[in-house]
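This is upload_22.cif. It holds mmCIF, C-alpha atoms.
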```
data_upload
loop_
_atom_site.group_PDB
_atom_site.id
_atom_site.type_symbol
_atom_site.label_atom_id
_atom_site.label_comp_id
_atom_site.auth_asym_id
_atom_site.auth_seq_id
_atom_site.Cartn_x
_atom_site.Cartn_y
_atom_site.Cartn_z
ATOM 1 C CA MET A 1 -52.586 -129.150 103.439
ATOM 2 C CA ALA A 2 -52.765 -126.333 100.866
ATOM 3 C CA THR A 3 -49.739 -124.171 100.492
ATOM 4 C CA SER A 4 -49.729 -120.672 99.060
ATOM 5 C CA GLU A 5 -47.453 -119.875 96.181
ATOM 6 C CA PRO A 6 -44.401 -117.817 97.117
ATOM 7 C CA LYS A 7 -44.781 -114.138 96.344
ATOM 8 C CA LYS A 8 -42.888 -113.182 93.231
ATOM 9 C CA ARG A 9 -40.093 -110.721 93.812
ATOM 10 C CA MET A 10 -40.247 -107.590 91.677
ATOM 11 C CA PRO A 11 -37.275 -107.293 89.287
ATOM 12 C CA GLY A 12 -34.699 -104.717 90.327
ATOM 13 C CA THR A 13 -35.247 -102.554 87.245
ATOM 14 C CA ALA A 14 -38.993 -102.367 87.873
ATOM 15 C CA ARG A 15 -38.434 -101.567 91.548
ATOM 16 C CA ARG A 16 -35.986 -98.811 90.620
ATOM 17 C CA ALA A 17 -38.481 -97.322 88.153
ATOM 18 C CA ARG A 18 -41.186 -97.363 90.832
ATOM 19 C CA ILE A 19 -38.896 -95.562 93.271
ATOM 20 C CA ILE A 20 -38.059 -92.890 90.691
ATOM 21 C CA GLU A 21 -41.738 -92.262 89.907
ATOM 22 C CA ALA A 22 -42.572 -92.016 93.598
ATOM 23 C CA ALA A 23 -39.622 -89.692 94.224
ATOM 24 C CA LEU A 24 -40.685 -87.498 91.310
ATOM 25 C CA ASP A 25 -44.150 -86.999 92.778
ATOM 26 C CA VAL A 26 -42.913 -86.356 96.316
ATOM 27 C CA PHE A 27 -40.079 -84.014 95.319
ATOM 28 C CA ALA A 28 -42.394 -82.040 93.008
ATOM 29 C CA ALA A 29 -45.058 -81.708 95.696
ATOM 30 C CA ARG A 30 -42.860 -80.970 98.719
ATOM 31 C CA GLY A 31 -39.497 -79.791 97.434
ATOM 32 C CA TYR A 32 -36.091 -81.286 98.125
ATOM 33 C CA HIS A 33 -35.525 -80.118 101.700
ATOM 34 C CA ALA A 34 -39.026 -80.961 102.962
ATOM 35 C CA THR A 35 -38.898 -84.475 101.548
ATOM 36 C CA ALA A 36 -37.738 -87.395 103.668
ATOM 37 C CA MET A 37 -36.469 -90.658 102.232
ATOM 38 C CA GLU A 38 -39.028 -92.472 104.406
ATOM 39 C CA GLU A 39 -41.820 -90.692 102.496
ATOM 40 C CA ILE A 40 -40.419 -91.827 99.180
ATOM 41 C CA ALA A 41 -39.985 -95.399 100.385
ATOM 42 C CA SER A 42 -43.589 -95.441 101.603
ATOM 43 C CA ALA A 43 -44.904 -93.954 98.345
ATOM 44 C CA ALA A 44 -42.926 -96.523 96.336
ATOM 45 C CA GLY A 45 -44.088 -99.413 98.518
ATOM 46 C CA VAL A 46 -40.566 -100.453 99.511
ATOM 47 C CA THR A 47 -38.594 -100.521 102.737
ATOM 48 C CA ARG A 48 -35.941 -97.947 103.567
ATOM 49 C CA SER A 49 -33.235 -100.561 103.167
ATOM 50 C CA VAL A 50 -34.434 -101.405 99.653
ATOM 51 C CA LEU A 51 -34.546 -97.698 98.787
ATOM 52 C CA TYR A 52 -30.971 -97.221 99.978
ATOM 53 C CA ASP A 53 -29.880 -100.305 98.036
ATOM 54 C CA HIS A 54 -30.783 -98.398 94.867
ATOM 55 C CA PHE A 55 -29.941 -94.830 95.925
ATOM 56 C CA PRO A 56 -27.384 -94.148 98.662
ATOM 57 C CA SER A 57 -28.665 -90.645 99.444
ATOM 58 C CA LYS A 58 -31.512 -88.220 98.838
ATOM 59 C CA ARG A 59 -29.182 -86.053 96.751
ATOM 60 C CA VAL A 60 -28.278 -88.923 94.438
ATOM 61 C CA LEU A 61 -31.955 -89.805 94.061
ATOM 62 C CA LEU A 62 -32.969 -86.246 93.169
ATOM 63 C CA ILE A 63 -30.145 -85.902 90.638
ATOM 64 C CA THR A 64 -31.144 -89.208 89.036
ATOM 65 C CA VAL A 65 -34.766 -88.101 88.805
ATOM 66 C CA LEU A 66 -33.772 -84.765 87.272
ATOM 67 C CA GLN A 67 -31.535 -86.384 84.664
ATOM 68 C CA GLU A 68 -34.085 -89.014 83.667
ATOM 69 C CA GLN A 69 -37.004 -86.579 83.428
ATOM 70 C CA ASN A 70 -34.939 -84.136 81.391
ATOM 71 C CA ALA A 71 -33.904 -86.901 79.000
ATOM 72 C CA GLY A 72 -37.557 -87.859 78.599
ATOM 73 C CA LEU A 73 -38.540 -84.252 77.889
ATOM 74 C CA VAL A 74 -35.796 -83.712 75.303
ATOM 75 C CA ALA A 75 -36.653 -86.972 73.539
ATOM 76 C CA HIS A 76 -40.380 -86.182 73.523
ATOM 77 C CA VAL A 77 -39.989 -82.661 72.161
ATOM 78 C CA GLY A 78 -36.967 -83.442 69.982
ATOM 79 C CA ALA A 79 -38.915 -85.937 67.905
ATOM 80 C CA ARG A 80 -41.136 -83.062 66.736
ATOM 81 C CA ILE A 81 -38.306 -80.577 66.225
ATOM 82 C CA THR A 82 -36.520 -82.945 63.862
ATOM 83 C CA GLY A 83 -39.681 -84.315 62.249
ATOM 84 C CA SER A 84 -40.833 -83.822 58.680
ATOM 85 C CA GLY A 85 -42.764 -80.877 57.326
ATOM 86 C CA SER A 86 -42.304 -77.147 56.977
ATOM 87 C CA PRO A 87 -40.640 -75.087 59.744
ATOM 88 C CA GLY A 88 -44.031 -73.701 60.770
ATOM 89 C CA ARG A 89 -45.583 -77.137 61.005
ATOM 90 C CA ARG A 90 -42.652 -78.452 63.023
ATOM 91 C CA LEU A 91 -42.821 -75.482 65.395
ATOM 92 C CA ARG A 92 -46.523 -76.076 65.944
ATOM 93 C CA ALA A 93 -45.873 -79.773 66.618
ATOM 94 C CA THR A 94 -43.011 -78.909 68.983
ATOM 95 C CA LEU A 95 -45.144 -76.504 71.004
ATOM 96 C CA ASP A 96 -47.949 -79.039 71.204
ATOM 97 C CA ALA A 97 -45.445 -81.685 72.339
ATOM 98 C CA TYR A 98 -44.142 -79.462 75.133
ATOM 99 C CA PHE A 99 -47.626 -78.601 76.341
ATOM 100 C CA SER A 100 -48.626 -82.276 76.189
ATOM 101 C CA PHE A 101 -45.603 -83.075 78.368
ATOM 102 C CA ALA A 102 -46.657 -80.354 80.815
ATOM 103 C CA GLN A 103 -50.208 -81.719 80.801
ATOM 104 C CA ASP A 104 -49.350 -85.414 81.111
ATOM 105 C CA ARG A 105 -46.262 -85.053 83.332
ATOM 106 C CA PRO A 106 -46.936 -81.980 85.499
ATOM 107 C CA ALA A 107 -44.710 -83.212 88.326
ATOM 108 C CA ALA A 108 -41.793 -83.609 85.927
ATOM 109 C CA ARG A 109 -42.276 -80.123 84.503
ATOM 110 C CA ARG A 110 -42.473 -78.567 87.950
ATOM 111 C CA LEU A 111 -39.393 -80.391 89.216
ATOM 112 C CA LEU A 112 -37.347 -79.478 86.141
ATOM 113 C CA PHE A 113 -38.338 -75.810 85.915
ATOM 114 C CA ASP A 114 -40.017 -74.597 89.114
ATOM 115 C CA HIS A 115 -38.189 -76.260 92.022
ATOM 116 C CA THR A 116 -34.760 -74.670 91.640
ATOM 117 C CA ASP A 117 -34.174 -73.342 95.151
ATOM 118 C CA GLU A 118 -32.185 -76.223 96.649
ATOM 119 C CA ASP A 119 -29.399 -74.801 98.789
ATOM 120 C CA ASP A 120 -26.974 -77.496 97.682
ATOM 121 C CA PRO A 121 -23.929 -76.691 95.497
ATOM 122 C CA GLU A 122 -23.842 -80.128 93.866
ATOM 123 C CA ILE A 123 -27.522 -80.064 92.952
ATOM 124 C CA LYS A 124 -27.217 -76.505 91.646
ATOM 125 C CA ALA A 125 -24.269 -77.529 89.481
ATOM 126 C CA VAL A 126 -26.196 -80.498 88.117
ATOM 127 C CA ARG A 127 -29.238 -78.318 87.407
ATOM 128 C CA TRP A 128 -27.146 -75.816 85.464
ATOM 129 C CA GLY A 129 -25.439 -78.637 83.598
ATOM 130 C CA ILE A 130 -28.808 -80.127 82.645
ATOM 131 C CA ARG A 131 -30.117 -76.737 81.550
ATOM 132 C CA GLU A 132 -27.096 -75.935 79.399
ATOM 133 C CA ALA A 133 -27.044 -79.420 77.882
ATOM 134 C CA ARG A 134 -30.765 -79.125 77.091
ATOM 135 C CA THR A 135 -30.219 -75.772 75.409
ATOM 136 C CA ARG A 136 -27.312 -77.103 73.341
ATOM 137 C CA SER A 137 -29.296 -80.186 72.336
ATOM 138 C CA VAL A 138 -32.254 -78.121 71.168
ATOM 139 C CA ALA A 139 -29.908 -75.739 69.310
ATOM 140 C CA VAL A 140 -28.429 -78.697 67.430
ATOM 141 C CA MET A 141 -31.891 -80.032 66.587
ATOM 142 C CA LEU A 142 -32.904 -76.564 65.386
ATOM 143 C CA GLY A 143 -29.704 -76.252 63.364
ATOM 144 C CA ARG A 144 -31.243 -75.889 59.897
ATOM 145 C CA ASP A 145 -33.781 -73.344 61.151
ATOM 146 C CA LEU A 146 -31.177 -71.301 63.009
ATOM 147 C CA ARG A 147 -28.979 -71.252 59.910
ATOM 148 C CA ARG A 148 -31.900 -69.836 57.924
ATOM 149 C CA LEU A 149 -31.875 -66.970 60.411
ATOM 150 C CA GLY A 150 -28.149 -66.511 59.827
ATOM 151 C CA LEU A 151 -27.179 -67.986 63.185
ATOM 152 C CA ASP A 152 -24.530 -70.602 63.844
ATOM 153 C CA PRO A 153 -26.185 -73.233 66.108
ATOM 154 C CA ASP A 154 -22.963 -73.421 68.135
ATOM 155 C CA SER A 155 -22.830 -69.692 68.764
ATOM 156 C CA GLU A 156 -23.743 -68.052 72.049
ATOM 157 C CA VAL A 157 -26.380 -65.927 70.311
ATOM 158 C CA ALA A 158 -28.107 -69.026 68.927
ATOM 159 C CA GLN A 159 -28.098 -70.636 72.363
ATOM 160 C CA ALA A 160 -29.516 -67.438 73.853
ATOM 161 C CA VAL A 161 -32.344 -67.571 71.297
ATOM 162 C CA VAL A 162 -33.039 -71.209 72.184
ATOM 163 C CA GLU A 163 -33.007 -70.356 75.893
ATOM 164 C CA LEU A 164 -35.577 -67.638 75.163
ATOM 165 C CA LEU A 165 -37.778 -70.137 73.322
ATOM 166 C CA ILE A 166 -37.554 -72.738 76.086
ATOM 167 C CA SER A 167 -38.090 -70.278 78.945
ATOM 168 C CA GLY A 168 -40.932 -68.513 77.147
ATOM 169 C CA THR A 169 -42.707 -71.745 76.304
ATOM 170 C CA ASP A 170 -42.387 -73.000 79.858
ATOM 171 C CA GLY A 171 -43.642 -69.660 81.153
ATOM 172 C CA LEU A 172 -46.779 -70.197 79.098
ATOM 173 C CA ALA A 173 -47.062 -73.730 80.515
ATOM 174 C CA GLN A 174 -46.881 -72.259 84.028
ATOM 175 C CA TRP A 175 -49.653 -69.805 83.136
ATOM 176 C CA TRP A 176 -51.695 -72.726 81.773
ATOM 177 C CA GLU A 177 -51.324 -74.577 85.066
ATOM 178 C CA ARG A 178 -53.127 -71.649 86.717
ATOM 179 C CA HIS A 179 -55.737 -71.474 83.909
ATOM 180 C CA PRO A 180 -56.394 -75.147 83.064
ATOM 181 C CA SER A 181 -59.730 -74.404 81.368
ATOM 182 C CA VAL A 182 -57.901 -73.060 78.304
ATOM 183 C CA PRO A 183 -57.744 -75.808 75.624
ATOM 184 C CA ARG A 184 -54.270 -76.935 74.592
ATOM 185 C CA ASP A 185 -54.833 -76.099 70.934
ATOM 186 C CA ARG A 186 -55.622 -72.489 71.855
ATOM 187 C CA LEU A 187 -52.404 -72.319 73.837
ATOM 188 C CA VAL A 188 -50.483 -73.584 70.799
ATOM 189 C CA GLU A 189 -52.165 -70.989 68.575
ATOM 190 C CA ALA A 190 -51.294 -68.207 71.041
ATOM 191 C CA ALA A 191 -47.645 -69.266 71.097
ATOM 192 C CA MET A 192 -47.566 -69.542 67.293
ATOM 193 C CA LEU A 193 -49.012 -66.047 66.994
ATOM 194 C CA VAL A 194 -45.948 -64.616 68.698
ATOM 195 C CA LEU A 195 -43.178 -67.086 67.867
ATOM 196 C CA TRP A 196 -44.054 -67.608 64.223
ATOM 197 C CA ASN A 197 -45.913 -64.503 63.124
ATOM 198 C CA GLY A 198 -43.977 -62.227 65.459
ATOM 199 C CA LEU A 199 -44.823 -59.034 67.223
ATOM 200 C CA SER A 200 -43.778 -57.124 64.095
ATOM 201 C CA THR A 201 -47.120 -58.106 62.510
ATOM 202 C CA LEU A 202 -49.025 -56.049 65.075
ATOM 203 C CA PRO A 203 -50.157 -52.649 63.829
ATOM 204 C CA GLU A 204 -48.153 -49.657 65.008
ATOM 205 C CA PRO A 205 -50.082 -47.270 67.273
ATOM 206 C CA GLU A 206 -51.095 -44.039 65.619
ATOM 207 C CA ALA A 207 -48.950 -41.063 66.507
ATOM 208 C CA ARG A 208 -50.688 -38.347 68.500
#
```
Entire entry expressed as structure tokens:
Amino acid sequence: MATSEPKKRMPGTARRARIIEAALDVFAARGYHATAMEEIASAAGVTRSVLYDHFPSKRVLLITVLQEQNAGLVAHVGARITGSGSPGRRLRATLDAYFSFAQDRPAARRLLFDHTDEDDPEIKAVRWGIREARTRSVAVMLGRDLRRLGLDPDSEVAQAVVELLISGTDGLAQWWERHPSVPRDRLVEAAMLVLWNGLSTLPEPEAR
């Protein structure tokens, strides 16, 4: 009598990664409050008990997803910030890296930047901590460029400048999500026009 081979059990690390990817998609599509753990378990192809073995609550799962996606974003963009080449070339590469992240990982971008309305003090505190840590990390990576501008990377002014760069770039990514027909390279050129060349290069209007 033929016997079927026993089904191989998925390693715990792979199962955890699958849960996180499923949670990312569901949280980004529905928001924190509208998402049920049952939906995430179903999307991940696991039982509720397996889901709770890895994550004891929906809050813990969301915070884990936020932290992991932010780390992935910082690593992806940071490699271009600290890469070789002139400041202009590195800025162009950094912008392209951010827009490629937004294009390839839209759910991650939306969860990190758009879905910020959770009425949960712990999640809000974690979000602010992630945001401030991201700003400080980028300020450190931009250290040599900020010093050329006469700014101490550890100063509040430098971090405000970095926050402006991050928020402005993500604002453009949000616009791109509504206008997906615009090629990515044109988006990079538009951002470079302002961030590198600056508004000071625009001609002054004639006095009347």
Report task. Find the residues near range 31-34 of chain A: any atom within 9 Å, counting only C-alpha atoms, skip ones fewer than 4 places away on the same chain, and give them as a ChimeraX atom specification. Result -> /A:26-27,58-59,62,111,115,117-119
Query raised in the report: In Å, with one decimal, what is the gap from CA of Ile81 in chain A to CA of Arg109 in chain A?
Result: 18.7 Å
Query raised in the report: Which neighbours of Ala108 in chain A fall inside 12 Å, counting only C-alpha atoms, when residues of the same chain fewer than 2 positions from it are skipped, and could you give them as number ranges by chain?
Result: A: 20-29, 62, 65-73, 98, 100-106, 110-115
**Report entry** Expected answer as an NGL selection string: all residues with atoms within 12 Å of (-39.7, -83.5, 64.7), all atoms listed in the file
**Finding:** :A and (74-97 or 138 or 141-142)
Report task. Give me, please, the distance in Å between CA of Val157 in chain A and CA of Thr116 in chain A, quoted to one decimal. Result ->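 Computing it gives 24.5 Å between the two atoms.
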Query raised in the report: Of the residues A:Val50, A:Ala160, A:Leu187, A:Val194, which is the one nearest to Gly12 in chain A, using all atoms listed in the file?
Result: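 That would be A:Val50, the residue with the smallest distance to Gly12 in chain A.
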Query raised in the report: Which value, in Å to one decimal, gives the distance between CA of Ala41 in chain A and CA of Val60 in chain A?
Result: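 Straight-line distance from CA of Ala41 in chain A to CA of Val60 in chain A works out to 14.6 Å.
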Report task. Do a neighbour search on range 13-15 of chain A at 9 Å with all atoms listed in the file, toss out local chain neighbours closer than 6 positions, and write the hits as JSON, numbers by chain. Result -> {"A": [44, 46, 54]}
With C-alpha atoms kept, could you save the residues just selected as a CSV table (one decimal), in the frame of the given file?
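For reference, again_3.csv as written:
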```
chain,number,residue,atom,x,y,z
A,44,ALA,CA,-42.9,-96.5,96.3
A,46,VAL,CA,-40.6,-100.5,99.5
A,54,HIS,CA,-30.8,-98.4,94.9
```
Query raised in the report: Quick one: which residues end up in the PyMOL selection byres ((chain A and resi 143) around 12) for this structure, as a PyMOL selection string?
Result: chain A and resi 81-82+87+136-142+144-155+158-159+162
What would range 74-97 of chain A look like with N, CA, C and O atoms restored, written as a PDB file, in the frame of the given file?
```pdb
ATOM      1  N   VAL A  74     -36.540 -84.021  76.532  1.00  0.00           N
ATOM      2  CA  VAL A  74     -35.796 -83.712  75.303  1.00  0.00           C
ATOM      3  C   VAL A  74     -36.157 -84.701  74.197  1.00  0.00           C
ATOM      4  O   VAL A  74     -36.333 -84.317  73.033  1.00  0.00           O
ATOM      5  N   ALA A  75     -36.284 -85.969  74.544  1.00  0.00           N
ATOM      6  CA  ALA A  75     -36.653 -86.972  73.539  1.00  0.00           C
ATOM      7  C   ALA A  75     -38.054 -86.730  73.011  1.00  0.00           C
ATOM      8  O   ALA A  75     -38.315 -86.834  71.800  1.00  0.00           O
ATOM      9  N   HIS A  76     -38.981 -86.397  73.908  1.00  0.00           N
ATOM     10  CA  HIS A  76     -40.380 -86.182  73.523  1.00  0.00           C
ATOM     11  C   HIS A  76     -40.515 -84.976  72.589  1.00  0.00           C
ATOM     12  O   HIS A  76     -41.170 -85.056  71.552  1.00  0.00           O
ATOM     13  N   VAL A  77     -39.889 -83.873  72.966  1.00  0.00           N
ATOM     14  CA  VAL A  77     -39.989 -82.661  72.161  1.00  0.00           C
ATOM     15  C   VAL A  77     -39.093 -82.751  70.928  1.00  0.00           C
ATOM     16  O   VAL A  77     -39.460 -82.302  69.841  1.00  0.00           O
ATOM     17  N   GLY A  78     -37.918 -83.358  71.087  1.00  0.00           N
ATOM     18  CA  GLY A  78     -36.967 -83.442  69.982  1.00  0.00           C
ATOM     19  C   GLY A  78     -37.497 -84.192  68.786  1.00  0.00           C
ATOM     20  O   GLY A  78     -37.158 -83.878  67.639  1.00  0.00           O
ATOM     21  N   ALA A  79     -38.344 -85.177  69.021  1.00  0.00           N
ATOM     22  CA  ALA A  79     -38.915 -85.937  67.905  1.00  0.00           C
ATOM     23  C   ALA A  79     -39.739 -85.040  66.996  1.00  0.00           C
ATOM     24  O   ALA A  79     -39.820 -85.273  65.784  1.00  0.00           O
ATOM     25  N   ARG A  80     -40.341 -84.007  67.547  1.00  0.00           N
ATOM     26  CA  ARG A  80     -41.136 -83.062  66.736  1.00  0.00           C
ATOM     27  C   ARG A  80     -40.254 -82.011  66.086  1.00  0.00           C
ATOM     28  O   ARG A  80     -40.495 -81.604  64.962  1.00  0.00           O
ATOM     29  N   ILE A  81     -39.205 -81.582  66.802  1.00  0.00           N
ATOM     30  CA  ILE A  81     -38.306 -80.577  66.225  1.00  0.00           C
ATOM     31  C   ILE A  81     -37.652 -81.106  64.954  1.00  0.00           C
ATOM     32  O   ILE A  81     -37.524 -80.396  63.953  1.00  0.00           O
ATOM     33  N   THR A  82     -37.247 -82.358  64.990  1.00  0.00           N
ATOM     34  CA  THR A  82     -36.520 -82.945  63.862  1.00  0.00           C
ATOM     35  C   THR A  82     -37.440 -83.716  62.921  1.00  0.00           C
ATOM     36  O   THR A  82     -36.959 -84.430  62.039  1.00  0.00           O
ATOM     37  N   GLY A  83     -38.745 -83.592  63.095  1.00  0.00           N
ATOM     38  CA  GLY A  83     -39.681 -84.315  62.249  1.00  0.00           C
ATOM     39  C   GLY A  83     -39.765 -83.727  60.851  1.00  0.00           C
ATOM     40  O   GLY A  83     -39.040 -82.798  60.482  1.00  0.00           O
ATOM     41  N   SER A  84     -40.664 -84.284  60.060  1.00  0.00           N
ATOM     42  CA  SER A  84     -40.833 -83.822  58.680  1.00  0.00           C
ATOM     43  C   SER A  84     -41.809 -82.647  58.640  1.00  0.00           C
ATOM     44  O   SER A  84     -42.497 -82.346  59.615  1.00  0.00           O
ATOM     45  N   GLY A  85     -41.840 -81.987  57.503  1.00  0.00           N
ATOM     46  CA  GLY A  85     -42.764 -80.877  57.326  1.00  0.00           C
ATOM     47  C   GLY A  85     -42.063 -79.540  57.291  1.00  0.00           C
ATOM     48  O   GLY A  85     -40.852 -79.422  57.502  1.00  0.00           O
ATOM     49  N   SER A  86     -42.832 -78.503  57.049  1.00  0.00           N
ATOM     50  CA  SER A  86     -42.304 -77.147  56.977  1.00  0.00           C
ATOM     51  C   SER A  86     -41.875 -76.670  58.365  1.00  0.00           C
ATOM     52  O   SER A  86     -42.310 -77.234  59.376  1.00  0.00           O
ATOM     53  N   PRO A  87     -41.037 -75.616  58.428  1.00  0.00           N
ATOM     54  CA  PRO A  87     -40.640 -75.087  59.744  1.00  0.00           C
ATOM     55  C   PRO A  87     -41.837 -74.704  60.610  1.00  0.00           C
ATOM     56  O   PRO A  87     -41.848 -74.959  61.820  1.00  0.00           O
ATOM     57  N   GLY A  88     -42.851 -74.093  59.997  1.00  0.00           N
ATOM     58  CA  GLY A  88     -44.031 -73.701  60.770  1.00  0.00           C
ATOM     59  C   GLY A  88     -44.769 -74.893  61.338  1.00  0.00           C
ATOM     60  O   GLY A  88     -45.199 -74.880  62.498  1.00  0.00           O
ATOM     61  N   ARG A  89     -44.893 -75.938  60.535  1.00  0.00           N
ATOM     62  CA  ARG A  89     -45.583 -77.137  61.005  1.00  0.00           C
ATOM     63  C   ARG A  89     -44.793 -77.809  62.127  1.00  0.00           C
ATOM     64  O   ARG A  89     -45.365 -78.293  63.101  1.00  0.00           O
ATOM     65  N   ARG A  90     -43.473 -77.835  61.986  1.00  0.00           N
ATOM     66  CA  ARG A  90     -42.652 -78.452  63.023  1.00  0.00           C
ATOM     67  C   ARG A  90     -42.691 -77.641  64.314  1.00  0.00           C
ATOM     68  O   ARG A  90     -42.676 -78.200  65.408  1.00  0.00           O
ATOM     69  N   LEU A  91     -42.723 -76.314  64.194  1.00  0.00           N
ATOM     70  CA  LEU A  91     -42.821 -75.482  65.395  1.00  0.00           C
ATOM     71  C   LEU A  91     -44.148 -75.733  66.100  1.00  0.00           C
ATOM     72  O   LEU A  91     -44.191 -75.878  67.331  1.00  0.00           O
ATOM     73  N   ARG A  92     -45.218 -75.814  65.348  1.00  0.00           N
ATOM     74  CA  ARG A  92     -46.523 -76.076  65.944  1.00  0.00           C
ATOM     75  C   ARG A  92     -46.511 -77.432  66.669  1.00  0.00           C
ATOM     76  O   ARG A  92     -47.017 -77.557  67.792  1.00  0.00           O
ATOM     77  N   ALA A  93     -45.936 -78.442  66.011  1.00  0.00           N
ATOM     78  CA  ALA A  93     -45.873 -79.773  66.618  1.00  0.00           C
ATOM     79  C   ALA A  93     -45.001 -79.772  67.868  1.00  0.00           C
ATOM     80  O   ALA A  93     -45.287 -80.462  68.856  1.00  0.00           O
ATOM     81  N   THR A  94     -43.914 -78.992  67.833  1.00  0.00           N
ATOM     82  CA  THR A  94     -43.011 -78.909  68.983  1.00  0.00           C
ATOM     83  C   THR A  94     -43.702 -78.250  70.174  1.00  0.00           C
ATOM     84  O   THR A  94     -43.595 -78.729  71.312  1.00  0.00           O
ATOM     85  N   LEU A  95     -44.406 -77.172  69.929  1.00  0.00           N
ATOM     86  CA  LEU A  95     -45.144 -76.504  71.004  1.00  0.00           C
ATOM     87  C   LEU A  95     -46.195 -77.435  71.593  1.00  0.00           C
ATOM     88  O   LEU A  95     -46.334 -77.536  72.815  1.00  0.00           O
ATOM     89  N   ASP A  96     -46.925 -78.112  70.724  1.00  0.00           N
ATOM     90  CA  ASP A  96     -47.949 -79.039  71.204  1.00  0.00           C
ATOM     91  C   ASP A  96     -47.314 -80.165  72.026  1.00  0.00           C
ATOM     92  O   ASP A  96     -47.873 -80.591  73.040  1.00  0.00           O
ATOM     93  N   ALA A  97     -46.138 -80.621  71.604  1.00  0.00           N
ATOM     94  CA  ALA A  97     -45.445 -81.685  72.339  1.00  0.00           C
ATOM     95  C   ALA A  97     -45.042 -81.197  73.725  1.00  0.00           C
ATOM     96  O   ALA A  97     -45.172 -81.934  74.714  1.00  0.00           O
TER      97      ALA A  97
END
```
